[in-house]
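**Q** Provided herewith: work.txt, compact mmCIF, C-alpha atoms.
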# COMPACT_ATOMS: atom_id res chain seq x y z
CA MET A 1186 83.00 70.14 115.75
CA PRO A 1187 82.04 68.57 112.38
CA THR A 1188 85.27 68.90 110.43
CA LEU A 1189 83.80 68.66 106.92
CA GLU A 1190 81.09 71.24 107.59
CA TRP A 1191 83.60 73.70 109.02
CA ALA A 1192 86.07 73.17 106.18
CA LEU A 1193 83.41 73.81 103.52
CA LEU A 1194 81.99 76.78 105.43
CA LEU A 1195 85.39 78.44 105.76
CA ALA A 1196 86.04 77.90 102.04
CA VAL A 1197 82.76 79.62 101.15
CA VAL A 1198 83.46 82.38 103.69
CA ALA A 1199 86.88 83.09 102.14
CA LEU A 1200 85.34 83.32 98.66
CA ALA A 1201 82.56 85.58 99.93
CA GLY A 1202 85.01 87.91 101.64
CA HIS A 1203 87.06 88.17 98.46
CA ALA A 1204 83.96 88.80 96.31
CA VAL A 1205 82.61 91.48 98.64
CA TYR A 1206 85.96 93.26 98.72
CA ARG A 1207 86.66 93.10 94.98
CA GLY A 1208 83.09 93.52 93.74
CA LEU A 1209 81.57 96.02 96.19
CA GLY A 1210 84.60 97.60 97.84
CA LEU A 1211 83.30 96.56 101.28
CA PRO A 1212 85.46 95.09 104.05
CA ARG A 1213 86.05 91.35 103.84
CA MET A 1214 84.55 90.95 107.31
CA VAL A 1215 81.15 91.80 105.83
CA GLY A 1216 81.36 88.74 103.59
CA TYR A 1217 82.59 86.58 106.47
CA THR A 1218 79.73 87.68 108.70
CA LEU A 1219 76.96 87.44 106.12
CA VAL A 1220 77.89 83.89 105.13
CA GLY A 1221 78.36 82.86 108.75
CA GLY A 1222 75.04 84.43 109.70
CA LEU A 1223 73.27 82.67 106.84
CA ALA A 1224 74.80 79.35 107.90
CA GLY A 1225 73.62 79.87 111.47
CA TRP A 1226 70.13 80.86 110.33
CA LEU A 1227 69.93 77.69 108.20
CA GLY A 1228 70.76 75.56 111.24
CA PHE A 1229 74.53 75.01 110.93
CA SER A 1230 75.35 72.50 113.65
CA GLY A 1231 78.99 73.46 114.13
CA ALA A 1232 78.25 76.32 116.56
CA THR A 1233 75.96 75.86 119.55
CA TRP A 1234 74.68 78.23 122.21
CA PRO A 1235 75.85 78.75 124.90
CA MET A 1236 79.34 78.28 123.51
CA HIS A 1237 81.53 75.60 125.07
CA GLY A 1238 84.33 73.20 124.31
CA VAL A 1239 86.41 73.66 121.16
CA GLY A 1240 84.24 76.48 119.81
CA LEU A 1241 84.73 78.57 122.95
CA PHE A 1242 88.47 77.81 122.96
CA LEU A 1243 88.86 78.97 119.34
CA LEU A 1244 86.87 82.14 120.06
CA GLN A 1245 89.13 82.93 123.03
CA LEU A 1246 92.26 82.10 121.04
CA GLY A 1247 91.23 84.45 118.22
CA MET A 1248 90.50 87.19 120.76
CA THR A 1249 93.80 86.55 122.53
CA VAL A 1250 95.80 86.91 119.32
CA VAL A 1251 93.95 90.10 118.35
CA LEU A 1252 94.22 91.73 121.78
CA PHE A 1253 97.90 90.83 122.06
CA GLU A 1254 98.55 92.75 118.85
CA ALA A 1255 96.28 95.57 120.05
CA GLY A 1256 98.23 95.68 123.32
CA THR A 1257 101.52 96.18 121.49
CA ARG A 1258 99.95 99.29 119.94
CA LEU A 1259 98.74 100.70 123.28
CA PRO A 1260 100.94 103.76 124.10
CA ILE A 1261 100.73 103.87 127.88
CA ARG A 1262 103.36 106.61 128.22
CA TRP A 1263 101.38 108.76 125.79
CA PHE A 1264 98.57 108.99 128.37
CA LEU A 1265 100.92 110.92 130.66
CA HIS A 1266 101.39 113.58 127.98
CA ASN A 1267 97.79 113.55 126.74
CA PRO A 1268 95.48 112.45 129.58
CA MET A 1269 92.43 113.74 127.69
CA VAL A 1270 92.56 110.53 125.64
CA LEU A 1271 91.69 108.65 128.82
CA VAL A 1272 88.90 111.16 129.45
CA GLN A 1273 87.54 110.50 125.95
CA SER A 1274 87.68 106.78 126.59
CA LEU A 1275 85.87 107.01 129.92
CA LEU A 1276 83.22 109.39 128.57
CA GLU A 1277 82.25 107.20 125.63
CA ALA A 1278 82.29 104.06 127.81
CA VAL A 1279 80.16 105.54 130.59
CA LEU A 1280 77.75 107.17 128.17
CA THR A 1281 77.32 103.96 126.18
CA PHE A 1282 76.66 101.88 129.28
CA ALA A 1283 74.30 104.39 130.91
CA LEU A 1284 72.10 105.22 127.92
CA THR A 1285 71.92 101.59 126.78
CA PHE A 1286 70.77 100.64 130.26
CA LEU A 1287 68.18 103.44 130.35
CA LEU A 1288 66.86 102.60 126.88
CA LEU A 1289 66.35 98.95 127.79
CA ARG A 1290 64.56 99.96 130.99
CA TRP A 1291 62.32 102.20 128.86
CA TRP A 1292 61.53 99.15 126.72
CA GLY A 1293 60.43 97.38 129.92
CA GLU A 1294 63.37 95.02 130.33
CA PRO A 1295 64.40 93.90 133.86
CA ALA A 1296 67.28 95.80 135.43
CA SER A 1297 69.54 92.72 135.45
CA VAL A 1298 69.00 92.15 131.72
CA ALA A 1299 69.57 95.83 130.99
CA ARG A 1300 72.86 95.81 132.92
CA MET A 1301 74.21 92.77 131.10
CA VAL A 1302 73.27 94.02 127.62
CA ALA A 1303 74.70 97.47 128.45
CA MET A 1304 78.01 95.85 129.41
CA VAL A 1305 78.01 93.89 126.15
CA ALA A 1306 77.28 97.08 124.17
CA LEU A 1307 80.26 98.80 125.80
CA ALA A 1308 82.86 96.70 123.96
CA ALA A 1309 84.09 97.78 120.53
CA SER A 1310 85.99 95.41 118.22
CA PRO A 1311 89.77 95.76 117.91
CA ALA A 1312 89.65 92.75 115.56
CA THR A 1313 87.56 94.65 113.02
CA LEU A 1314 89.74 97.75 113.27
CA LEU A 1315 92.98 95.79 112.89
CA ARG A 1316 91.67 93.96 109.83
CA LEU A 1317 90.59 97.30 108.34
CA VAL A 1318 94.05 98.70 109.01
CA HIS A 1319 95.55 95.82 107.02
CA GLU A 1320 92.96 95.91 104.23
CA LEU A 1321 92.79 99.68 103.73
CA ARG A 1322 96.42 100.35 104.76
CA ALA A 1323 95.03 102.91 107.15
CA ALA A 1324 97.39 105.09 109.16
CA GLY A 1325 96.91 108.38 110.94
CA PRO A 1326 95.63 109.96 114.16
CA VAL A 1327 92.03 108.71 113.82
CA THR A 1328 93.19 105.15 113.10
CA ASP A 1329 95.68 105.13 115.98
CA ARG A 1330 93.27 106.62 118.48
CA ALA A 1331 90.44 104.29 117.41
CA LEU A 1332 92.67 101.30 118.18
CA VAL A 1333 93.61 102.82 121.54
CA LEU A 1334 90.00 103.56 122.54
CA ALA A 1335 88.82 100.12 121.38
CA SER A 1336 91.57 98.45 123.41
CA LEU A 1337 90.70 100.51 126.49
CA ASN A 1338 86.97 99.81 126.37
CA ASN A 1339 87.74 96.11 125.90
CA LEU A 1340 89.82 96.40 129.07
CA TYR A 1341 86.85 97.95 130.91
CA ALA A 1342 84.40 95.39 129.50
CA LEU A 1343 86.55 92.35 130.29
CA VAL A 1344 87.27 93.45 133.88
CA LEU A 1345 83.80 94.79 134.75
CA GLY A 1346 81.95 92.21 132.70
CA GLY A 1347 83.92 89.36 134.26
CA ALA A 1348 83.18 90.80 137.69
CA MET A 1349 79.48 91.15 136.83
CA ALA A 1350 79.32 87.54 135.62
CA ALA A 1351 81.09 86.30 138.76
CA GLN A 1352 78.68 88.25 141.00
CA SER A 1353 75.53 87.07 139.20
CA ALA A 1354 74.97 84.21 141.63
CA PRO A 1355 72.14 85.26 143.98
CA ASP A 1356 73.77 83.78 147.12
CA LEU A 1357 76.88 85.98 146.95
CA ALA A 1358 77.17 88.80 149.49
CA GLY A 1359 79.84 90.75 151.34
CA TRP A 1360 83.41 89.60 150.79
CA ALA A 1361 82.19 86.69 148.66
CA ALA A 1362 80.87 89.22 146.14
CA VAL A 1363 84.08 91.30 146.15
CA TRP A 1364 86.54 88.43 145.87
CA PRO A 1365 85.74 87.17 142.30
CA PRO A 1366 86.54 90.44 140.47
CA LEU A 1367 89.69 90.96 142.54
CA ARG A 1368 90.80 87.41 141.77
CA LEU A 1369 90.06 87.92 138.05
CA LEU A 1370 92.10 91.12 137.83
CA GLY A 1371 94.96 89.94 140.05
CA THR A 1372 95.32 86.57 138.34
CA SER A 1373 95.17 88.13 134.88
CA LEU A 1374 97.80 90.72 135.79
CA LEU A 1375 100.15 88.07 137.22
CA LEU A 1376 99.73 85.85 134.15
CA ALA A 1377 100.33 88.84 131.89
CA VAL A 1378 103.67 89.51 133.59
CA VAL A 1379 104.66 85.86 133.18
CA LEU A 1380 103.53 85.75 129.54
CA ALA A 1381 105.38 88.96 128.67
CA ALA A 1382 108.54 87.67 130.37
CA VAL A 1383 108.42 84.33 128.55
CA ILE A 1384 107.89 85.93 125.14
CA HIS A 1385 110.61 88.51 125.77
CA LEU A 1386 113.15 85.90 126.89
CA ALA A 1387 112.36 83.68 123.90
CA TRP A 1388 112.48 86.62 121.53
CA ARG A 1389 116.04 87.46 122.50
CA THR A 1390 117.18 84.11 121.14
CA MET A 1391 115.03 83.95 117.99
CA ARG A 1392 115.43 85.68 114.63
CA HIS A 1393 112.97 88.53 114.37
CA GLY A 1394 110.19 88.03 111.83
CA SER A 1395 110.91 84.32 111.38
CA GLU A 1396 108.22 81.70 110.93
CA SER A 1397 109.35 79.98 114.13
CA ALA A 1398 108.84 83.19 116.08
CA ALA A 1399 105.27 83.56 114.80
CA VAL A 1400 104.45 79.94 115.62
CA PHE A 1401 105.94 80.35 119.09
CA ILE A 1402 103.78 83.40 119.86
CA VAL A 1403 100.56 81.69 118.71
CA ALA A 1404 101.43 78.52 120.66
CA ILE A 1405 102.23 80.37 123.88
CA LEU A 1406 99.03 82.45 123.52
CA ALA A 1407 97.03 79.24 123.04
CA ALA A 1408 98.60 77.85 126.22
CA SER A 1409 97.68 81.04 128.08
CA VAL A 1410 94.00 80.50 127.21
CA THR A 1411 93.96 77.14 129.03
CA VAL A 1412 96.04 78.34 131.98
CA ALA A 1413 93.95 81.48 132.48
CA ASP A 1414 90.71 79.47 132.47
CA GLN A 1415 92.09 77.04 135.04
CA LEU A 1416 93.23 79.85 137.34
CA HIS A 1417 89.99 81.90 136.98
CA GLY A 1418 91.63 84.66 134.96
CA SER A 1419 90.72 86.13 131.58
CA ALA A 1420 92.91 85.02 128.66
CA PRO A 1421 92.03 88.00 126.41
CA LEU A 1422 92.77 90.38 129.29
CA VAL A 1423 96.09 88.61 129.91
CA ALA A 1424 97.06 88.99 126.24
CA LEU A 1425 96.09 92.68 126.14
CA MET A 1426 98.14 93.54 129.22
CA ALA A 1427 101.10 91.39 128.12
CA GLY A 1428 101.15 93.11 124.72
CA ALA A 1429 101.10 96.52 126.41
CA MET A 1430 104.06 95.51 128.60
CA LEU A 1431 106.06 94.24 125.63
CA ARG A 1432 105.56 97.51 123.76
CA TYR A 1433 108.26 99.03 125.96
CA ALA A 1434 110.55 95.99 126.09
CA PRO A 1435 114.10 96.39 124.70
CA VAL A 1436 113.25 93.79 122.05
CA ARG A 1437 109.71 94.12 120.71
CA PRO A 1438 107.90 91.14 119.10
CA MET A 1439 106.63 92.86 115.96
CA VAL A 1440 106.12 90.18 113.31
CA TRP A 1441 102.60 91.14 112.24
CA GLN A 1442 103.44 92.03 108.65
CA ARG A 1443 104.92 88.63 107.78
CA HIS A 1444 104.26 85.12 109.07
CA PHE A 1445 102.12 86.12 112.05
CA GLU A 1446 99.59 87.94 109.88
CA GLY A 1447 98.76 84.77 107.95
CA VAL A 1448 98.18 82.74 111.12
CA SER A 1449 96.21 85.48 112.86
CA GLY A 1450 94.20 86.14 109.69
CA LEU A 1451 92.85 82.59 109.70
CA LEU A 1452 92.02 82.76 113.41
CA VAL A 1453 90.26 86.11 112.97
CA MET A 1454 88.24 84.78 110.02
CA LEU A 1455 87.19 81.81 112.13
CA MET A 1456 86.35 84.15 114.99
CA PHE A 1457 84.05 86.27 112.82
CA VAL A 1458 82.32 83.14 111.53
CA LEU A 1459 81.84 81.80 115.06
CA VAL A 1460 80.27 85.08 116.16
CA ALA A 1461 77.94 85.23 113.16
CA THR A 1462 76.82 81.58 113.18
CA THR A 1463 76.13 81.69 116.91
CA ALA A 1464 74.28 85.01 116.90
CA ALA A 1465 72.10 84.10 113.91
CA GLN A 1466 70.63 81.09 115.74
CA MET A 1467 68.47 83.29 117.97
CA ALA A 1468 64.76 83.71 117.27
CA TRP A 1469 64.46 87.04 115.43
CA SER A 1470 61.08 88.73 115.95
CA VAL A 1471 59.72 92.20 115.20
CA PRO A 1472 59.80 93.35 118.87
CA ILE A 1473 63.41 92.14 119.22
CA LEU A 1474 64.41 93.89 116.00
CA LEU A 1475 62.87 97.16 117.20
CA ILE A 1476 64.85 96.95 120.44
CA VAL A 1477 68.06 95.97 118.63
CA PHE A 1478 67.98 98.76 116.04
CA SER A 1479 67.14 101.35 118.69
CA LEU A 1480 70.16 100.09 120.65
CA VAL A 1481 72.36 100.31 117.55
CA LEU A 1482 71.34 103.95 117.00
CA VAL A 1483 71.81 104.94 120.65
CA ARG A 1484 75.14 103.11 120.84
CA VAL A 1485 76.55 104.95 117.81
CA LEU A 1486 75.35 108.29 119.15
CA CYS A 1487 76.96 107.57 122.53
CA LYS A 1488 80.28 106.67 120.96
CA VAL A 1489 80.31 109.84 118.84
CA LEU A 1490 79.03 112.20 121.54
CA GLY A 1491 81.36 110.78 124.18
CA VAL A 1492 84.43 111.18 121.98
CA VAL A 1493 83.42 114.66 120.79
CA ALA A 1494 82.67 115.78 124.37
CA GLY A 1495 86.19 114.76 125.40
CA SER A 1496 87.90 116.38 122.42
CA TRP A 1497 88.88 119.56 124.31
CA ARG A 1498 92.68 119.69 124.53
CA SER A 1499 92.91 116.11 123.26
CA GLY A 1500 94.86 117.04 120.14
CA MET A 1501 92.00 116.19 117.79
CA GLY A 1502 89.30 118.45 116.36
CA PRO A 1503 85.55 117.78 116.62
CA VAL A 1504 85.15 116.69 112.99
CA LYS A 1505 87.83 114.03 113.28
CA CYS A 1506 86.32 113.00 116.60
CA VAL A 1507 83.07 112.28 114.77
CA TRP A 1508 84.93 109.89 112.45
CA LEU A 1509 86.66 108.44 115.51
CA GLY A 1510 83.33 107.75 117.22
CA LEU A 1511 81.94 106.08 114.09
CA ALA A 1512 85.04 103.86 113.90
CA LEU A 1513 84.13 102.47 117.34
CA MET A 1514 80.78 101.08 116.14
CA PRO A 1515 81.85 97.47 115.37
CA MET A 1516 81.16 94.69 117.88
CA SER A 1517 82.48 91.16 117.71
CA ALA A 1518 84.18 88.51 119.81
CA THR A 1519 84.58 90.37 123.12
CA ALA A 1520 80.85 91.06 123.18
CA LEU A 1521 80.10 87.40 122.38
CA LEU A 1522 82.46 86.17 125.12
CA LEU A 1523 80.77 88.42 127.69
CA THR A 1524 77.36 87.19 126.56
CA THR A 1525 78.57 83.60 126.93
CA GLN A 1526 79.80 84.29 130.46
CA PHE A 1527 76.49 85.87 131.44
CA ALA A 1528 74.47 83.10 129.77
CA SER A 1529 76.27 80.38 131.73
CA GLN A 1530 75.64 81.94 135.15
CA HIS A 1531 72.57 84.19 135.17
CA PRO A 1532 68.97 83.01 135.65
CA GLN A 1533 67.68 85.49 133.04
CA ALA A 1534 70.20 84.42 130.42
CA ALA A 1535 67.58 83.55 127.78
CA ARG A 1536 66.14 87.07 127.55
CA MET A 1537 69.59 88.67 127.69
CA SER A 1538 70.86 86.43 124.88
CA ALA A 1539 67.77 87.11 122.76
CA ILE A 1540 68.70 90.82 122.70
CA ALA A 1541 72.51 90.73 122.89
CA LEU A 1542 73.21 88.20 120.12
CA PRO A 1543 71.21 89.98 117.37
CA LEU A 1544 72.76 93.26 118.53
CA ILE A 1545 76.25 91.78 118.11
CA LEU A 1546 75.47 90.45 114.64
CA VAL A 1547 73.97 93.72 113.38
CA CYS A 1548 76.86 95.77 114.76
CA GLU A 1549 79.39 93.33 113.32
CA VAL A 1550 78.04 93.88 109.78
CA LEU A 1551 77.06 97.56 109.91
CA GLY A 1552 79.99 98.41 112.16
CA ALA A 1553 82.58 97.16 109.69
CA VAL A 1554 81.03 99.25 106.92
CA CYS A 1555 80.72 102.29 109.19
CA ALA A 1556 84.31 102.02 110.44
CA ALA A 1557 85.66 101.68 106.89
CA PHE A 1558 83.65 104.74 105.85
CA ALA A 1559 84.99 106.70 108.84
CA LEU A 1560 88.63 105.87 108.10
CA ARG A 1561 88.15 106.81 104.44
CA ALA A 1562 86.36 110.04 105.41
CA ALA A 1563 89.30 110.91 107.68
CA ARG A 1564 91.55 110.43 104.61
CA GLU A 1565 93.78 107.94 106.36
CA THR A 1566 93.47 105.05 103.89
CA VAL A 1567 95.42 104.13 100.78
CA GLN A 1568 93.37 103.27 97.71
CA VAL A 1569 94.49 99.80 96.68
CA ALA A 1570 94.23 99.09 92.97
CA ASN A 1571 92.21 95.98 92.11
CA THR A 1572 94.98 94.31 90.18
CA PRO A 1573 96.23 90.76 90.66
CA ALA A 1574 99.63 91.96 91.79
CA MET A 1575 98.26 94.32 94.40
CA GLU A 1576 95.64 91.81 95.54
CA GLY A 1577 98.28 89.16 96.01
CA ARG A 1578 100.42 91.55 98.00
CA HIS A 1579 97.45 92.48 100.18
CA ASP A 1580 96.51 88.88 100.92
CA ALA A 1581 100.05 87.94 101.88
Rewrite the coordinates I just gave you, this time as structure tokens.
**A**
Amino acid sequence: MPTLEWALLLAVVALAGHAVYRGLGLPRMVGYTLVGGLAGWLGFSGATWPMHGVGLFLLQLGMTVVLFEAGTRLPIRWFLHNPMVLVQSLLEAVLTFALTFLLLRWWGEPASVARMVAMVALAASPATLLRLVHELRAAGPVTDRALVLASLNNLYALVLGGAMAAQSAPDLAGWAAVWPPLRLLGTSLLLAVVLAAVIHLAWRTMRHGSESAAVFIVAILAASVTVADQLHGSAPLVALMAGAMLRYAPVRPMVWQRHFEGVSGLLVMLMFVLVATTAAQMAWSVPILLIVFSLVLVRVLCKVLGVVAGSWRSGMGPVKCVWLGLALMPMSATALLLTTQFASQHPQAARMSAIALPLILVCEVLGAVCAAFALRAARETVQVANTPAMEGRHDA
């Protein structure tokens, strides 16, 4: 990757995110994405499609860090007391996949393309929600449940999408078609157990919240990306499951508010830029835009209707469920990773990418704005004064 180009681009991206936040009150991710998208549209050579090499590694590392944090917030025991949350999650996921598939078939797309794009559309963005939590200091039932539902539909998308990518070869049949998804899930689960055990053992000997602890977690997550790829697992899935396991460990690795947040913030910024620069390189035409914006509308409606339909006895009223559904609009790195997996193995990758990449970019920009609006409408954010002292505290 051209070092100078990336260094200058990230500098401009950081300034744009700050200007958008201070000047317009919009999430910083909007500035990151707009500048990254403009760079990709102008022919920035640092990100190529399909993604490979260092770019793909950095995308997976950013996802791994984000999903590890999201996993530590996943209250598995809570599902035993409130199983309707799982019903909400399944309803919005199934509805999103089914209606996206049907809409693309109505537009005349082949069934294989419709399936792949529908799987991409399934995944929300925990990265966007976590950054909004930090920026807006959001806390409350809508915020917590949005993170849970986003983590769950990433789980569905990574498992089912990885299985779909592995089965895309036309010569697979019988046991040969069943084995790849079972290997993906089994390997990822085994690696998650090992990763959680290593972090837990190390954490018992390290001072909580120290810089060394944060560096250790990032380094071991980076190692897990390489190991998972070599063993045909999914590094983001490994990190999500390991984080969920560590939530109930006697010693929990919660360093997000100090050193870890600075490291993860840079990786997340880079991840947003990678998504935007890659997606913007597609050929944008009027027919593609019509398909994409119809998909955006249907996807938002599916998220809202699915969550509202599952609100009965879920502990959350219909109005808050509307805000919850809107908070699930953002798409980002998980969707791009799935698109990359499909593009590297499917014969109709070009048409799928032509639809999926613009969809990801539009939902990354509009989704961040929509999610911030939803959290504010639910009255779960803290208004941060635009003063140097407060801004410095926020950026720490």
**Q** Return the single residue from A:Cys1555, A:Ala1398, A:Leu1375, A:Met1454 that is closest to A:Leu1194, with distances computed using all atoms listed in the file.
**A**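 Of the candidates, the smallest distance to A:Leu1194 is held by A:Met1454.
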**Q** Hey, which of A:Met1301, A:Leu1246, A:Ala1255, A:Val1492 ends up closest to A:Leu1271? Count only C-alpha atoms.
**A**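 Using only C-alpha atoms, A:Leu1271 sits closest to A:Val1492.
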**Q** Would you please work out which residue, of A:Ala1296, A:Leu1343, A:Leu1560, A:Ala1420, is nearest to A:Leu1376 when using only C-alpha atoms?
**A**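 With only C-alpha atoms as the atom set, the closest residue is A:Ala1420.
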**Q** Counting only C-alpha atoms, figure out which residue out of A:Met1516, A:Leu1509, A:Val1298, A:Val1333 gets nearest to A:Ala1563.
**A**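 Answer, going by the shortest atom-to-atom distance: A:Leu1509.
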**Q** Between A:Pro1295, A:Pro1326, A:Gly1238, A:Gly1428, which one has atoms that come closest to A:Thr1411, using all atoms listed in the file?
**A**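 Answer, going by the shortest atom-to-atom distance: A:Gly1238.
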**Q** Pick out the residues sitting within 9 Å of stretch 1475-1482 of chain A, and hand them over as a list in words; count all atoms listed in the file, and ignore anything fewer than 2 positions along from it in its own chain.
**A**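 In the requested format, the answer is Thr1285, Leu1288, Leu1289, Trp1292, Ala1306, Ser1470, Val1471, Pro1472, Ile1473, Arg1484, Val1485, Leu1486, Cys1487, Met1514, Ile1540, Ala1541, Pro1543, Leu1544, Val1547 and Cys1548 of chain A.
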**Q** At a cut-off of 12 Å, using all atoms listed in the file, what residues contact A:Val1279? Leave out same-chain residues fewer than 3 positions from it and give the result as a list in words.
**A** Val1272, Gln1273, Ser1274, Leu1275, Leu1276, Phe1282, Ala1283, Leu1284, Thr1285, Phe1286, Ala1303, Met1304, Ala1306, Leu1307, Ala1308, Asn1338, Tyr1341, Ala1342, Arg1484, Cys1487, Lys1488, Leu1490, Gly1491 and Val1492 of chain A
**Q** Store the residues of this selection in a file with C-alpha atoms, as an mmCIF file, in the frame of the given file.
**A**
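Wrote it out as again_39.cif, contents follow:
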data_model
loop_
_atom_site.group_PDB
_atom_site.id
_atom_site.type_symbol
_atom_site.label_atom_id
_atom_site.label_comp_id
_atom_site.auth_asym_id
_atom_site.auth_seq_id
_atom_site.Cartn_x
_atom_site.Cartn_y
_atom_site.Cartn_z
ATOM 1 C CA VAL A 1272 88.900 111.160 129.450
ATOM 2 C CA GLN A 1273 87.540 110.500 125.950
ATOM 3 C CA SER A 1274 87.680 106.780 126.590
ATOM 4 C CA LEU A 1275 85.870 107.010 129.920
ATOM 5 C CA LEU A 1276 83.220 109.390 128.570
ATOM 6 C CA PHE A 1282 76.660 101.880 129.280
ATOM 7 C CA ALA A 1283 74.300 104.390 130.910
ATOM 8 C CA LEU A 1284 72.100 105.220 127.920
ATOM 9 C CA THR A 1285 71.920 101.590 126.780
ATOM 10 C CA PHE A 1286 70.770 100.640 130.260
ATOM 11 C CA ALA A 1303 74.700 97.470 128.450
ATOM 12 C CA MET A 1304 78.010 95.850 129.410
ATOM 13 C CA ALA A 1306 77.280 97.080 124.170
ATOM 14 C CA LEU A 1307 80.260 98.800 125.800
ATOM 15 C CA ALA A 1308 82.860 96.700 123.960
ATOM 16 C CA ASN A 1338 86.970 99.810 126.370
ATOM 17 C CA TYR A 1341 86.850 97.950 130.910
ATOM 18 C CA ALA A 1342 84.400 95.390 129.500
ATOM 19 C CA ARG A 1484 75.140 103.110 120.840
ATOM 20 C CA CYS A 1487 76.960 107.570 122.530
ATOM 21 C CA LYS A 1488 80.280 106.670 120.960
ATOM 22 C CA LEU A 1490 79.030 112.200 121.540
ATOM 23 C CA GLY A 1491 81.360 110.780 124.180
ATOM 24 C CA VAL A 1492 84.430 111.180 121.980
#
**Q** Return the single residue from A:Arg1561, A:Tyr1217, A:Gly1552, A:Val1567 that is closest to A:Ala1204, with distances computed using all atoms listed in the file.
**A** A:Tyr1217
**Q** Got a sec: who's within 8 Å of A:Leu1252, counting only C-alpha atoms, leaving out chain neighbours fewer than 6 positions off, as an MDAnalysis selection string?
**A** chainID A and resid 1311:1312 1336 1421:1422 1424:1425 1428
**Q** Just give me the gap between atom CA of A:Ile1384 and atom CA of A:Ser1409 in Å, one decimal is fine.
**A**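 Taking atom CA of A:Ile1384 as the start and atom CA of A:Ser1409 as the end point, the length is 11.7 Å.
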**Q** With a distance cut-off of 9 Å and only C-alpha atoms, select the neighbouring residues of A:Ala1518, excluding the residue or stretch itself and same-chain residues fewer than 5 positions from it, and output the selection as a PyMOL selection string.
**A** chain A and resi 1244-1245+1247-1248+1310+1312+1456-1457+1459-1460+1523+1545
**Q** Keeping only C-alpha atoms, write the selected residues as a compact mmCIF listing (two decimals), in the coordinates of the input.
**A**
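The result, written out as result34.txt:
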# COMPACT_ATOMS: atom_id res chain seq x y z
CA LEU A 1244 86.87 82.14 120.06
CA GLN A 1245 89.13 82.93 123.03
CA GLY A 1247 91.23 84.45 118.22
CA MET A 1248 90.50 87.19 120.76
CA SER A 1310 85.99 95.41 118.22
CA ALA A 1312 89.65 92.75 115.56
CA MET A 1456 86.35 84.15 114.99
CA PHE A 1457 84.05 86.27 112.82
CA LEU A 1459 81.84 81.80 115.06
CA VAL A 1460 80.27 85.08 116.16
CA LEU A 1523 80.77 88.42 127.69
CA ILE A 1545 76.25 91.78 118.11
**Q** Interatomic distance between atom CA of A:Val1220 and atom CA of A:Leu1315?
**A** 20.7 Å
**Q** Please work out which residues fall within 6 Å of (103.3, 92.1, 129.7), coordinates as given in the file, with only C-alpha atoms counting, and return them as a PyMOL selection string.
**A** chain A and resi 1377-1378+1381+1426-1431
**Q** One decimal, Å: what's the distance from atom CA of A:Gly1216 over to atom CA of A:Leu1193, could you say?
**A**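 Spanning atom CA of A:Gly1216 to atom CA of A:Leu1193 is a straight-line distance of 15.1 Å.
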**Q** Taking all atoms of stretch 1223-1240 of chain A that appear in the file, build a box with edges along x, y and z, extend it by 8 Å on every side, and state its centre and edge lengths in Å to one decimal, as AutoDock Vina command-line options.
**A**
--center_x 78.2 --center_y 77.6 --center_z 116.0 --size_x 32.5 --size_y 26.2 --size_z 34.2
**Q** Would you pick out the contacts of A:Pro1366 at 10 Å or less, using only C-alpha atoms, so that residues sharing its chain but fewer than 6 positions from it are not included, and give the list as a compact mmCIF listing (two decimals) with C-alpha atoms, in the frame of the given file?
**A**
# COMPACT_ATOMS: atom_id res chain seq x y z
CA VAL A 1344 87.27 93.45 133.88
CA LEU A 1345 83.80 94.79 134.75
CA GLY A 1346 81.95 92.21 132.70
CA GLY A 1347 83.92 89.36 134.26
CA ALA A 1348 83.18 90.80 137.69
CA MET A 1349 79.48 91.15 136.83
CA ALA A 1350 79.32 87.54 135.62
CA ALA A 1351 81.09 86.30 138.76
CA GLN A 1352 78.68 88.25 141.00
CA THR A 1372 95.32 86.57 138.34
CA HIS A 1417 89.99 81.90 136.98
CA GLY A 1418 91.63 84.66 134.96
**Q** Within 10 Å of (84.4, 111.3, 116.9), in the coordinates the file gives, what residues turn up when you count only C-alpha atoms, written out as an mmCIF file with C-alpha atoms, keeping the file's coordinate frame?
**A**
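Printed below is selection_36.cif as written:
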data_model
loop_
_atom_site.group_PDB
_atom_site.id
_atom_site.type_symbol
_atom_site.label_atom_id
_atom_site.label_comp_id
_atom_site.auth_asym_id
_atom_site.auth_seq_id
_atom_site.Cartn_x
_atom_site.Cartn_y
_atom_site.Cartn_z
ATOM 1 C CA GLN A 1273 87.540 110.500 125.950
ATOM 2 C CA GLU A 1277 82.250 107.200 125.630
ATOM 3 C CA VAL A 1327 92.030 108.710 113.820
ATOM 4 C CA ALA A 1331 90.440 104.290 117.410
ATOM 5 C CA LEU A 1486 75.350 108.290 119.150
ATOM 6 C CA LYS A 1488 80.280 106.670 120.960
ATOM 7 C CA VAL A 1489 80.310 109.840 118.840
ATOM 8 C CA LEU A 1490 79.030 112.200 121.540
ATOM 9 C CA GLY A 1491 81.360 110.780 124.180
ATOM 10 C CA VAL A 1492 84.430 111.180 121.980
ATOM 11 C CA VAL A 1493 83.420 114.660 120.790
ATOM 12 C CA ALA A 1494 82.670 115.780 124.370
ATOM 13 C CA GLY A 1495 86.190 114.760 125.400
ATOM 14 C CA SER A 1496 87.900 116.380 122.420
ATOM 15 C CA MET A 1501 92.000 116.190 117.790
ATOM 16 C CA GLY A 1502 89.300 118.450 116.360
ATOM 17 C CA PRO A 1503 85.550 117.780 116.620
ATOM 18 C CA VAL A 1504 85.150 116.690 112.990
ATOM 19 C CA LYS A 1505 87.830 114.030 113.280
ATOM 20 C CA CYS A 1506 86.320 113.000 116.600
ATOM 21 C CA VAL A 1507 83.070 112.280 114.770
ATOM 22 C CA TRP A 1508 84.930 109.890 112.450
ATOM 23 C CA LEU A 1509 86.660 108.440 115.510
ATOM 24 C CA GLY A 1510 83.330 107.750 117.220
ATOM 25 C CA LEU A 1511 81.940 106.080 114.090
ATOM 26 C CA ALA A 1512 85.040 103.860 113.900
ATOM 27 C CA LEU A 1513 84.130 102.470 117.340
ATOM 28 C CA ALA A 1559 84.990 106.700 108.840
#
